[in-house]
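Dumped final37.pdb below, it's PDB, C-alpha atoms (C1' of nucleotides):
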ATOM      1  CA  MET A 747      -6.141  -4.530-294.777  1.00  0.00           C
ATOM      2  CA  ALA A 748      -6.566  -4.454-290.993  1.00  0.00           C
ATOM      3  CA  PRO A 749      -5.540  -0.841-290.268  1.00  0.00           C
ATOM      4  CA  SER A 750      -7.576   0.343-293.259  1.00  0.00           C
ATOM      5  CA  LEU A 751     -10.702  -0.735-291.370  1.00  0.00           C
ATOM      6  CA  LEU A 752     -10.096   1.779-288.565  1.00  0.00           C
ATOM      7  CA  GLY A 753     -12.789   4.430-288.615  1.00  0.00           C
ATOM      8  CA  ALA A 754     -15.132   2.276-290.675  1.00  0.00           C
ATOM      9  CA  ILE A 755     -18.805   2.027-289.745  1.00  0.00           C
ATOM     10  CA  LEU A 756     -20.197  -1.455-289.145  1.00  0.00           C
ATOM     11  CA  ARG A 757     -23.971  -1.616-289.097  1.00  0.00           C
ATOM     12  CA  HIS A 758     -26.467  -4.345-288.235  1.00  0.00           C
ATOM     13  CA  GLY A 759     -30.062  -3.158-288.194  1.00  0.00           C
ATOM     14  CA  GLU A 760     -30.479  -0.093-285.999  1.00  0.00           C
ATOM     15  CA  VAL A 761     -27.047  -0.320-284.359  1.00  0.00           C
ATOM     16  CA  ALA A 762     -23.942   1.182-285.959  1.00  0.00           C
ATOM     17  CA  VAL A 763     -20.413   1.047-284.554  1.00  0.00           C
ATOM     18  CA  ARG A 764     -17.297   2.989-285.516  1.00  0.00           C
ATOM     19  CA  ILE A 765     -14.349   0.596-285.495  1.00  0.00           C
ATOM     20  CA  THR A 766     -11.473   1.790-283.293  1.00  0.00           C
ATOM     21  CA  GLU A 767      -9.304  -1.325-282.889  1.00  0.00           C
ATOM     22  CA  VAL A 768      -8.535  -4.385-285.007  1.00  0.00           C
ATOM     23  CA  GLU A 769      -6.107  -7.289-284.930  1.00  0.00           C
ATOM     24  CA  ALA A 770      -4.660  -9.082-287.971  1.00  0.00           C
ATOM     25  CA  TYR A 771      -4.361 -12.848-288.362  1.00  0.00           C
ATOM     26  CA  ASN A 772      -2.711 -14.534-291.326  1.00  0.00           C
ATOM     27  CA  GLY A 773      -3.540 -18.208-291.571  1.00  0.00           C
ATOM     28  CA  ALA A 774      -0.673 -20.004-293.215  1.00  0.00           C
ATOM     29  CA  SER A 775       2.229 -18.190-291.539  1.00  0.00           C
ATOM     30  CA  ASP A 776       0.646 -17.252-288.212  1.00  0.00           C
ATOM     31  CA  PRO A 777       0.584 -19.797-285.359  1.00  0.00           C
ATOM     32  CA  ALA A 778      -1.924 -17.631-283.475  1.00  0.00           C
ATOM     33  CA  SER A 779      -4.494 -17.846-286.273  1.00  0.00           C
ATOM     34  CA  HIS A 780      -7.394 -20.274-286.098  1.00  0.00           C
ATOM     35  CA  ALA A 781      -6.543 -21.135-289.707  1.00  0.00           C
ATOM     36  CA  TYR A 782      -2.883 -21.999-289.049  1.00  0.00           C
ATOM     37  CA  ARG A 783      -3.485 -25.762-289.014  1.00  0.00           C
ATOM     38  CA  GLY A 784      -5.620 -25.725-292.100  1.00  0.00           C
ATOM     39  CA  ARG A 785      -9.271 -25.668-292.930  1.00  0.00           C
ATOM     40  CA  THR A 786     -11.846 -26.984-290.436  1.00  0.00           C
ATOM     41  CA  ALA A 787     -15.616 -26.646-290.114  1.00  0.00           C
ATOM     42  CA  ARG A 788     -15.190 -23.694-287.763  1.00  0.00           C
ATOM     43  CA  ASN A 789     -12.717 -21.626-289.791  1.00  0.00           C
ATOM     44  CA  ALA A 790     -13.978 -22.486-293.290  1.00  0.00           C
ATOM     45  CA  VAL A 791     -15.274 -18.955-293.909  1.00  0.00           C
ATOM     46  CA  MET A 792     -11.748 -17.548-293.549  1.00  0.00           C
ATOM     47  CA  PHE A 793     -10.604 -19.660-296.493  1.00  0.00           C
ATOM     48  CA  GLY A 794     -13.263 -18.105-298.712  1.00  0.00           C
ATOM     49  CA  PRO A 795     -13.297 -14.739-300.493  1.00  0.00           C
ATOM     50  CA  SER A 796     -12.740 -11.498-298.596  1.00  0.00           C
ATOM     51  CA  GLY A 797     -15.475  -9.316-297.152  1.00  0.00           C
ATOM     52  CA  HIS A 798     -17.360 -12.064-295.341  1.00  0.00           C
ATOM     53  CA  LEU A 799     -17.788 -12.402-291.560  1.00  0.00           C
ATOM     54  CA  TYR A 800     -15.879 -15.119-289.739  1.00  0.00           C
ATOM     55  CA  LEU A 801     -17.671 -15.465-286.382  1.00  0.00           C
ATOM     56  CA  TYR A 802     -16.535 -17.791-283.631  1.00  0.00           C
ATOM     57  CA  PHE A 803     -17.661 -18.556-280.088  1.00  0.00           C
ATOM     58  CA  ASN A 804     -14.994 -18.187-277.425  1.00  0.00           C
ATOM     59  CA  TYR A 805     -14.545 -18.872-273.717  1.00  0.00           C
ATOM     60  CA  GLY A 806     -17.897 -20.609-273.737  1.00  0.00           C
ATOM     61  CA  MET A 807     -19.780 -17.319-273.785  1.00  0.00           C
ATOM     62  CA  HIS A 808     -18.601 -14.673-276.250  1.00  0.00           C
ATOM     63  CA  TRP A 809     -18.850 -14.226-279.992  1.00  0.00           C
ATOM     64  CA  ALA A 810     -16.015 -12.539-281.875  1.00  0.00           C
ATOM     65  CA  ALA A 811     -16.135 -11.187-285.432  1.00  0.00           C
ATOM     66  CA  ASN A 812     -13.499 -11.080-288.153  1.00  0.00           C
ATOM     67  CA  VAL A 813     -13.663  -9.567-291.609  1.00  0.00           C
ATOM     68  CA  VAL A 814     -12.098 -12.043-294.028  1.00  0.00           C
ATOM     69  CA  CYS A 815      -9.247 -10.292-295.840  1.00  0.00           C
ATOM     70  CA  GLY A 816      -7.371 -12.779-298.013  1.00  0.00           C
ATOM     71  CA  PRO A 817      -8.203 -13.865-301.541  1.00  0.00           C
ATOM     72  CA  ASP A 818     -10.292 -17.005-302.043  1.00  0.00           C
ATOM     73  CA  GLY A 819      -8.277 -19.990-300.871  1.00  0.00           C
ATOM     74  CA  ARG A 820      -5.849 -18.106-298.607  1.00  0.00           C
ATOM     75  CA  ALA A 821      -7.014 -17.602-295.019  1.00  0.00           C
ATOM     76  CA  ALA A 822      -6.569 -14.190-293.407  1.00  0.00           C
ATOM     77  CA  GLY A 823      -8.760 -11.995-291.289  1.00  0.00           C
ATOM     78  CA  ALA A 824      -9.081  -8.873-289.174  1.00  0.00           C
ATOM     79  CA  LEU A 825     -10.566  -9.376-285.719  1.00  0.00           C
ATOM     80  CA  LEU A 826     -12.824  -6.457-284.796  1.00  0.00           C
ATOM     81  CA  ARG A 827     -11.599  -5.748-281.277  1.00  0.00           C
ATOM     82  CA  SER A 828     -13.345  -2.564-280.267  1.00  0.00           C
ATOM     83  CA  GLY A 829     -15.620   0.227-281.384  1.00  0.00           C
ATOM     84  CA  GLU A 830     -17.802   3.175-280.511  1.00  0.00           C
ATOM     85  CA  VAL A 831     -21.555   2.896-280.792  1.00  0.00           C
ATOM     86  CA  VAL A 832     -22.652   5.832-282.948  1.00  0.00           C
ATOM     87  CA  GLU A 833     -26.277   4.867-283.661  1.00  0.00           C
ATOM     88  CA  GLY A 834     -28.959   2.688-282.129  1.00  0.00           C
ATOM     89  CA  PHE A 835     -28.118   3.366-278.488  1.00  0.00           C
ATOM     90  CA  ASP A 836     -31.442   2.066-277.151  1.00  0.00           C
ATOM     91  CA  VAL A 837     -31.037  -1.335-278.802  1.00  0.00           C
ATOM     92  CA  ALA A 838     -27.332  -1.556-277.949  1.00  0.00           C
ATOM     93  CA  ARG A 839     -27.985  -0.714-274.291  1.00  0.00           C
ATOM     94  CA  SER A 840     -30.755  -3.284-274.064  1.00  0.00           C
ATOM     95  CA  ARG A 841     -28.307  -5.965-275.210  1.00  0.00           C
ATOM     96  CA  ARG A 842     -25.479  -4.860-272.934  1.00  0.00           C
ATOM     97  CA  GLY A 843     -27.001  -4.924-269.463  1.00  0.00           C
ATOM     98  CA  THR A 844     -25.470  -2.403-267.098  1.00  0.00           C
ATOM     99  CA  ALA A 845     -22.561  -1.306-269.285  1.00  0.00           C
ATOM    100  CA  THR A 846     -21.758   2.382-269.577  1.00  0.00           C
ATOM    101  CA  ASP A 847     -22.033   3.925-273.044  1.00  0.00           C
ATOM    102  CA  ARG A 848     -18.245   3.899-273.357  1.00  0.00           C
ATOM    103  CA  ASP A 849     -18.202   0.131-272.798  1.00  0.00           C
ATOM    104  CA  LEU A 850     -21.093  -0.757-275.105  1.00  0.00           C
ATOM    105  CA  ALA A 851     -18.752  -2.047-277.829  1.00  0.00           C
ATOM    106  CA  ARG A 852     -15.320  -1.675-276.182  1.00  0.00           C
ATOM    107  CA  GLY A 853     -13.925  -5.200-276.553  1.00  0.00           C
ATOM    108  CA  PRO A 854     -14.402  -8.016-279.072  1.00  0.00           C
ATOM    109  CA  GLY A 855     -17.204  -9.774-277.194  1.00  0.00           C
ATOM    110  CA  ARG A 856     -18.917  -6.518-276.285  1.00  0.00           C
ATOM    111  CA  LEU A 857     -18.842  -5.327-279.896  1.00  0.00           C
ATOM    112  CA  THR A 858     -20.623  -8.403-281.240  1.00  0.00           C
ATOM    113  CA  GLN A 859     -23.128  -8.313-278.390  1.00  0.00           C
ATOM    114  CA  ALA A 860     -23.970  -4.632-278.974  1.00  0.00           C
ATOM    115  CA  LEU A 861     -24.450  -5.304-282.693  1.00  0.00           C
ATOM    116  CA  GLY A 862     -26.340  -8.557-282.171  1.00  0.00           C
ATOM    117  CA  LEU A 863     -23.876 -10.671-284.168  1.00  0.00           C
ATOM    118  CA  THR A 864     -23.961 -14.445-283.546  1.00  0.00           C
ATOM    119  CA  SER A 865     -23.788 -17.633-285.576  1.00  0.00           C
ATOM    120  CA  ALA A 866     -26.834 -16.394-287.500  1.00  0.00           C
ATOM    121  CA  GLN A 867     -24.558 -13.885-289.287  1.00  0.00           C
ATOM    122  CA  ARG A 868     -21.824 -16.431-290.061  1.00  0.00           C
ATOM    123  CA  GLY A 869     -20.403 -15.844-293.536  1.00  0.00           C
ATOM    124  CA  THR A 870     -22.429 -12.681-294.203  1.00  0.00           C
ATOM    125  CA  TYR A 871     -20.944 -10.450-296.918  1.00  0.00           C
ATOM    126  CA  VAL A 872     -20.572  -6.924-295.570  1.00  0.00           C
ATOM    127  CA  PHE A 873     -19.585  -4.767-298.567  1.00  0.00           C
ATOM    128  CA  GLY A 874     -22.986  -4.920-300.261  1.00  0.00           C
ATOM    129  CA  ALA A 875     -26.598  -4.153-299.346  1.00  0.00           C
ATOM    130  CA  GLY A 876     -27.069  -7.089-296.967  1.00  0.00           C
ATOM    131  CA  PRO A 877     -28.232  -7.113-293.335  1.00  0.00           C
ATOM    132  CA  VAL A 878     -24.721  -6.290-292.084  1.00  0.00           C
ATOM    133  CA  THR A 879     -22.732  -3.531-293.801  1.00  0.00           C
ATOM    134  CA  LEU A 880     -19.236  -2.179-293.396  1.00  0.00           C
ATOM    135  CA  ILE A 881     -18.567   1.253-294.842  1.00  0.00           C
ATOM    136  CA  ARG A 882     -15.015   2.493-294.930  1.00  0.00           C
ATOM    137  CA  PRO A 883     -14.310   6.220-294.577  1.00  0.00           C
ATOM    138  CA  THR A 884     -13.805   8.122-297.819  1.00  0.00           C
ATOM    139  CA  ILE A 885     -11.032  10.171-296.227  1.00  0.00           C
ATOM    140  CA  GLU A 886      -8.285   8.500-294.214  1.00  0.00           C
ATOM    141  CA  GLY A 887      -8.038  10.851-291.273  1.00  0.00           C
ATOM    142  CA  VAL A 888      -7.087   8.649-288.342  1.00  0.00           C
ATOM    143  CA  ALA A 889      -3.748   8.341-286.555  1.00  0.00           C
ATOM    144  CA  VAL A 890      -2.927   4.630-286.453  1.00  0.00           C
ATOM    145  CA  ALA A 891      -0.959   3.068-283.599  1.00  0.00           C
ATOM    146  CA  SER A 892       0.127  -0.571-283.433  1.00  0.00           C
ATOM    147  CA  GLY A 893       1.357  -3.026-280.841  1.00  0.00           C
ATOM    148  CA  PRO A 894       1.300  -6.606-279.550  1.00  0.00           C
ATOM    149  CA  ARG A 895      -1.791  -8.793-279.860  1.00  0.00           C
ATOM    150  CA  VAL A 896      -4.127  -9.546-276.986  1.00  0.00           C
ATOM    151  CA  GLY A 897      -5.084 -12.899-275.555  1.00  0.00           C
ATOM    152  CA  VAL A 898      -2.942 -15.083-277.794  1.00  0.00           C
ATOM    153  CA  SER A 899      -0.247 -17.349-276.368  1.00  0.00           C
ATOM    154  CA  LEU A 900       1.736 -17.671-279.605  1.00  0.00           C
ATOM    155  CA  GLU A 901       3.360 -14.865-281.547  1.00  0.00           C
ATOM    156  CA  ALA A 902       1.746 -12.264-279.302  1.00  0.00           C
ATOM    157  CA  ASP A 903       4.498  -9.762-280.069  1.00  0.00           C
ATOM    158  CA  ARG A 904       3.762  -9.496-283.755  1.00  0.00           C
ATOM    159  CA  PRO A 905       2.674  -5.839-283.816  1.00  0.00           C
ATOM    160  CA  TRP A 906      -0.526  -6.721-285.635  1.00  0.00           C
ATOM    161  CA  ARG A 907      -3.009  -5.009-283.359  1.00  0.00           C
ATOM    162  CA  PHE A 908      -3.944  -1.607-284.750  1.00  0.00           C
ATOM    163  CA  TRP A 909      -5.951   1.112-283.086  1.00  0.00           C
ATOM    164  CA  ILE A 910      -6.849   4.782-283.423  1.00  0.00           C
ATOM    165  CA  ALA A 911      -4.253   6.625-281.359  1.00  0.00           C
ATOM    166  CA  GLY A 912      -5.703   8.278-278.285  1.00  0.00           C
ATOM    167  CA  ASP A 913      -9.259   7.110-278.932  1.00  0.00           C
ATOM    168  CA  PRO A 914     -11.157   6.423-275.674  1.00  0.00           C
ATOM    169  CA  TYR A 915     -13.106   3.608-277.334  1.00  0.00           C
ATOM    170  CA  VAL A 916     -10.039   1.361-277.691  1.00  0.00           C
ATOM    171  CA  SER A 917     -10.143  -1.688-275.400  1.00  0.00           C
ATOM    172  CA  ALA A 918      -7.909  -2.072-272.338  1.00  0.00           C
ATOM    173  CA  TYR A 919      -4.687  -3.942-273.158  1.00  0.00           C
ATOM    174  CA  ARG A 920      -4.145  -7.146-271.241  1.00  0.00           C
ATOM    175  CA  ARG A 921      -1.380  -9.530-272.201  1.00  0.00           C
ATOM    176  CA  SER A 922      -2.148 -13.238-272.072  1.00  0.00           C
ATOM    177  CA  PRO A 923      -0.415 -14.893-269.091  1.00  0.00           C
ATOM    178  CA  ARG A 924       0.462 -17.714-271.494  1.00  0.00           C
ATOM    179  CA  ALA A 925       2.261 -15.405-273.904  1.00  0.00           C
ATOM    180  CA  GLY A 926       5.460 -15.386-271.868  1.00  0.00           C
ATOM    181  CA  PRO A 927       7.496 -12.272-271.080  1.00  0.00           C
ATOM    182  CA  PRO A 928       7.066  -9.393-273.518  1.00  0.00           C
ATOM    183  CA  ALA A 929       9.743  -8.928-276.190  1.00  0.00           C
ATOM    184  CA  VAL A 930       9.808  -5.271-275.264  1.00  0.00           C
ATOM    185  CA  PRO A 931       9.168  -4.737-271.537  1.00  0.00           C
ATOM    186  CA  GLU A 932       6.027  -2.745-270.866  1.00  0.00           C
ATOM    187  CA  LEU A 933       6.380   0.658-269.278  1.00  0.00           C
ATOM    188  CA  PRO A 934       5.328   0.947-265.622  1.00  0.00           C
TER
ATOM    189  C1'  DA B1232     -13.914 -40.993-276.573  1.00  0.00           C
ATOM    190  C1'  DC B1233     -11.272 -37.594-273.603  1.00  0.00           C
ATOM    191  C1'  DA B1234      -8.837 -33.734-271.876  1.00  0.00           C
ATOM    192  C1'  DA B1235      -7.053 -29.202-272.469  1.00  0.00           C
ATOM    193  C1'  DG B1236      -7.352 -24.550-273.098  1.00  0.00           C
ATOM    194  C1'  DG B1237      -9.097 -20.518-275.291  1.00  0.00           C
ATOM    195  C1'  DA B1238      -8.427 -13.991-280.502  1.00  0.00           C
ATOM    196  C1'  DT B1239     -13.121 -12.578-272.919  1.00  0.00           C
ATOM    197  C1'  DT B1240     -16.029 -10.210-269.647  1.00  0.00           C
ATOM    198  C1'  DC B1241     -17.743  -8.979-265.227  1.00  0.00           C
ATOM    199  C1'  DA B1242     -17.958  -8.425-260.296  1.00  0.00           C
ATOM    200  C1'  DC B1243     -15.409  -7.646-256.548  1.00  0.00           C
ATOM    201  C1'  DT B1244     -11.212  -6.043-253.746  1.00  0.00           C
TER
ATOM    202  C1'  DG C1402      -5.448  -6.689-259.697  1.00  0.00           C
ATOM    203  C1'  DT C1403      -7.618 -11.114-259.225  1.00  0.00           C
ATOM    204  C1'  DG C1404     -10.687 -14.929-260.133  1.00  0.00           C
ATOM    205  C1'  DA C1405     -14.861 -17.199-261.822  1.00  0.00           C
ATOM    206  C1'  DA C1406     -18.117 -18.395-265.371  1.00  0.00           C
ATOM    207  C1'  DT C1407     -18.751 -21.603-269.304  1.00  0.00           C
ATOM    208  C1'  DC C1408     -18.790 -24.651-273.677  1.00  0.00           C
ATOM    209  C1'  DC C1409     -16.841 -25.340-278.131  1.00  0.00           C
ATOM    210  C1'  DT C1410     -13.053 -26.877-280.953  1.00  0.00           C
ATOM    211  C1'  DT C1411      -9.137 -29.420-281.524  1.00  0.00           C
ATOM    212  C1'  DG C1412      -5.414 -32.748-280.919  1.00  0.00           C
ATOM    213  C1'  DT C1413      -4.338 -37.136-279.257  1.00  0.00           C
ATOM    214  C1'  DA C1414      -5.346 -41.940-277.828  1.00  0.00           C
TER
END
Write the structure described by the file as structure tokens, please.
Amino acid sequence: MAPSLLGAILRHGEVAVRITEVEAYNGASDPASHAYRGRTARNAVMFGPSGHLYLYFNYGMHWAANVVCGPDGRAAGALLRSGEVVEGFDVARSRRGTATDRDLARGPGRLTQALGLTSAQRGTYVFGAGPVTLIRPTIEGVAVASGPRVGVSLEADRPWRFWIAGDPYVSAYRRSPRAGPPAVPELP
DNA sequence: ACAAGGATTCACT
DNA sequence: GTGAATCCTTGTA
């Protein structure tokens, strides 16, 4: 599911973002997933049917958005890590302070801020006519690259981060210091 | 009830 | 490249 979201257009009101980078999390078998230890109040949405938004607050200041991917009862999600604002620049800029246009939605916290996604959108279904919509491209024309996950201390080297190869709107890769040495050493 | 640490960003060097 | 800001969730006592 996760790589199939690359190139999709996520819209909330006037702002629309083209998704350039995602990261997959699979609850039951994935120690890095918020759902690994079972259902809680925070992750409940991920245990529901696919197509809904799992939003969580992180580092005391940022919201991050996942599209729930698994069938009802099995937790899985795709974290929306980065995107390119393609519509609604005035609104997006007003929410993003001094950021350059390239950085308006380049990163998980930046993406939700540009789109105005917070707890108010928790659980929203995105494949219908609701306030938040996600439209996948009719033609698969993107070159997909994959690699280790960002920010997680466990199972970081599962190559479950997917991005559009060469796209300037992909976020900067930074390995978590808690993830230990990389399985495959990074190139200088 | 308490402590730990996090699916990050920004300013500054 | 480094460090600070900041608060919620979770595991353990």
Interface list for chain A, partner chain B, 12 Å threshold, only C-alpha atoms (C1' of nucleotides), as a PyMOL selection string: chain A and resi 768-771+777-781+800-812+823-827+842-845+849+851-859+895-902+906-907+917-918+920-922+924
Provide the CA of Trp909 (chain A) to CA of Pro749 (chain A) distance in Å, to one decimal place.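 Distance between the two atoms: 7.5 Å.
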Contact residues (chain C, partner chain A, 7 Å, only C-alpha atoms (C1' of nucleotides)) as a list in words: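 Every residue meeting the condition is included here: DT1407, DC1408 and DC1409 of chain C.
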Take the residues from that selection and write them out as a PDB file, in the coordinates of the input, keeping C-alpha atoms (C1' of nucleotides).
ATOM      1  C1'  DT C1407     -18.751 -21.603-269.304  1.00  0.00           C
ATOM      2  C1'  DC C1408     -18.790 -24.651-273.677  1.00  0.00           C
ATOM      3  C1'  DC C1409     -16.841 -25.340-278.131  1.00  0.00           C
TER       4       DC C1409
END
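Take CA of Val837 (chain A) and CA of Thr766 (chain A): the distance between them is 20.3 Å.
Relative to CA of Gly797 (chain A), CA of Gly862 (chain A) is found at 18.5 Å.
Each of A:Val832, A:Ala790, A:Leu850, A:Leu861 was checked against Val878 (chain A) using all atoms listed in the file; the smallest atom-to-atom distance is that of A:Leu861.
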Selecting C-alpha atoms, how would region 788-842 of chain A from this structure be written as a PDB file, in the first residue's frame?
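What follows is the written file out-v2.pdb:
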ATOM      1  CA  ARG A 788      -3.975   6.777  20.895  1.00  0.00           C
ATOM      2  CA  ASN A 789      -3.583   4.138  18.178  1.00  0.00           C
ATOM      3  CA  ALA A 790      -7.191   2.897  18.054  1.00  0.00           C
ATOM      4  CA  VAL A 791      -7.786   4.355  14.583  1.00  0.00           C
ATOM      5  CA  MET A 792      -5.053   2.128  13.128  1.00  0.00           C
ATOM      6  CA  PHE A 793      -6.987  -0.956  14.215  1.00  0.00           C
ATOM      7  CA  GLY A 794     -10.025   0.188  12.246  1.00  0.00           C
ATOM      8  CA  PRO A 795     -10.752  -0.051   8.515  1.00  0.00           C
ATOM      9  CA  SER A 796      -8.340   1.353   5.941  1.00  0.00           C
ATOM     10  CA  GLY A 797      -8.520   4.827   4.449  1.00  0.00           C
ATOM     11  CA  HIS A 798      -8.842   6.725   7.716  1.00  0.00           C
ATOM     12  CA  LEU A 799      -6.300   9.178   9.169  1.00  0.00           C
ATOM     13  CA  TYR A 800      -4.253   8.123  12.177  1.00  0.00           C
ATOM     14  CA  LEU A 801      -2.880  11.394  13.597  1.00  0.00           C
ATOM     15  CA  TYR A 802      -0.532  11.573  16.550  1.00  0.00           C
ATOM     16  CA  PHE A 803       1.315  14.335  18.384  1.00  0.00           C
ATOM     17  CA  ASN A 804       5.065  13.881  18.645  1.00  0.00           C
ATOM     18  CA  TYR A 805       8.030  15.527  20.354  1.00  0.00           C
ATOM     19  CA  GLY A 806       5.600  17.739  22.212  1.00  0.00           C
ATOM     20  CA  MET A 807       5.029  19.933  19.174  1.00  0.00           C
ATOM     21  CA  HIS A 808       4.396  18.183  15.855  1.00  0.00           C
ATOM     22  CA  TRP A 809       1.483  16.307  14.353  1.00  0.00           C
ATOM     23  CA  ALA A 810       2.137  13.383  12.018  1.00  0.00           C
ATOM     24  CA  ALA A 811      -0.381  11.720   9.697  1.00  0.00           C
ATOM     25  CA  ASN A 812      -0.793   8.104   8.638  1.00  0.00           C
ATOM     26  CA  VAL A 813      -3.231   6.571   6.194  1.00  0.00           C
ATOM     27  CA  VAL A 814      -4.574   3.380   7.755  1.00  0.00           C
ATOM     28  CA  CYS A 815      -3.845   0.498   5.380  1.00  0.00           C
ATOM     29  CA  GLY A 816      -4.811  -2.797   7.004  1.00  0.00           C
ATOM     30  CA  PRO A 817      -8.218  -4.442   7.062  1.00  0.00           C
ATOM     31  CA  ASP A 818     -10.501  -3.817  10.041  1.00  0.00           C
ATOM     32  CA  GLY A 819      -8.934  -5.392  13.108  1.00  0.00           C
ATOM     33  CA  ARG A 820      -5.344  -5.546  11.822  1.00  0.00           C
ATOM     34  CA  ALA A 821      -3.242  -2.438  12.460  1.00  0.00           C
ATOM     35  CA  ALA A 822      -1.084  -1.072   9.646  1.00  0.00           C
ATOM     36  CA  GLY A 823      -0.411   2.370   8.305  1.00  0.00           C
ATOM     37  CA  ALA A 824       1.598   4.561   5.961  1.00  0.00           C
ATOM     38  CA  LEU A 825       3.206   7.613   7.541  1.00  0.00           C
ATOM     39  CA  LEU A 826       3.068  10.580   5.164  1.00  0.00           C
ATOM     40  CA  ARG A 827       6.639  11.827   5.439  1.00  0.00           C
ATOM     41  CA  SER A 828       6.936  14.503   2.803  1.00  0.00           C
ATOM     42  CA  GLY A 829       5.212  16.270  -0.047  1.00  0.00           C
ATOM     43  CA  GLU A 830       5.089  19.154  -2.472  1.00  0.00           C
ATOM     44  CA  VAL A 831       2.493  21.860  -2.058  1.00  0.00           C
ATOM     45  CA  VAL A 832       0.739  22.135  -5.421  1.00  0.00           C
ATOM     46  CA  GLU A 833      -2.240  24.335  -4.485  1.00  0.00           C
ATOM     47  CA  GLY A 834      -3.159  26.824  -1.793  1.00  0.00           C
ATOM     48  CA  PHE A 835       0.261  28.435  -1.429  1.00  0.00           C
ATOM     49  CA  ASP A 836      -1.036  31.513   0.406  1.00  0.00           C
ATOM     50  CA  VAL A 837      -2.694  29.463   3.145  1.00  0.00           C
ATOM     51  CA  ALA A 838       0.211  27.012   3.378  1.00  0.00           C
ATOM     52  CA  ARG A 839       2.748  29.838   3.682  1.00  0.00           C
ATOM     53  CA  SER A 840       0.707  31.549   6.371  1.00  0.00           C
ATOM     54  CA  ARG A 841       0.839  28.359   8.445  1.00  0.00           C
ATOM     55  CA  ARG A 842       4.536  27.722   7.881  1.00  0.00           C
TER      56      ARG A 842
END
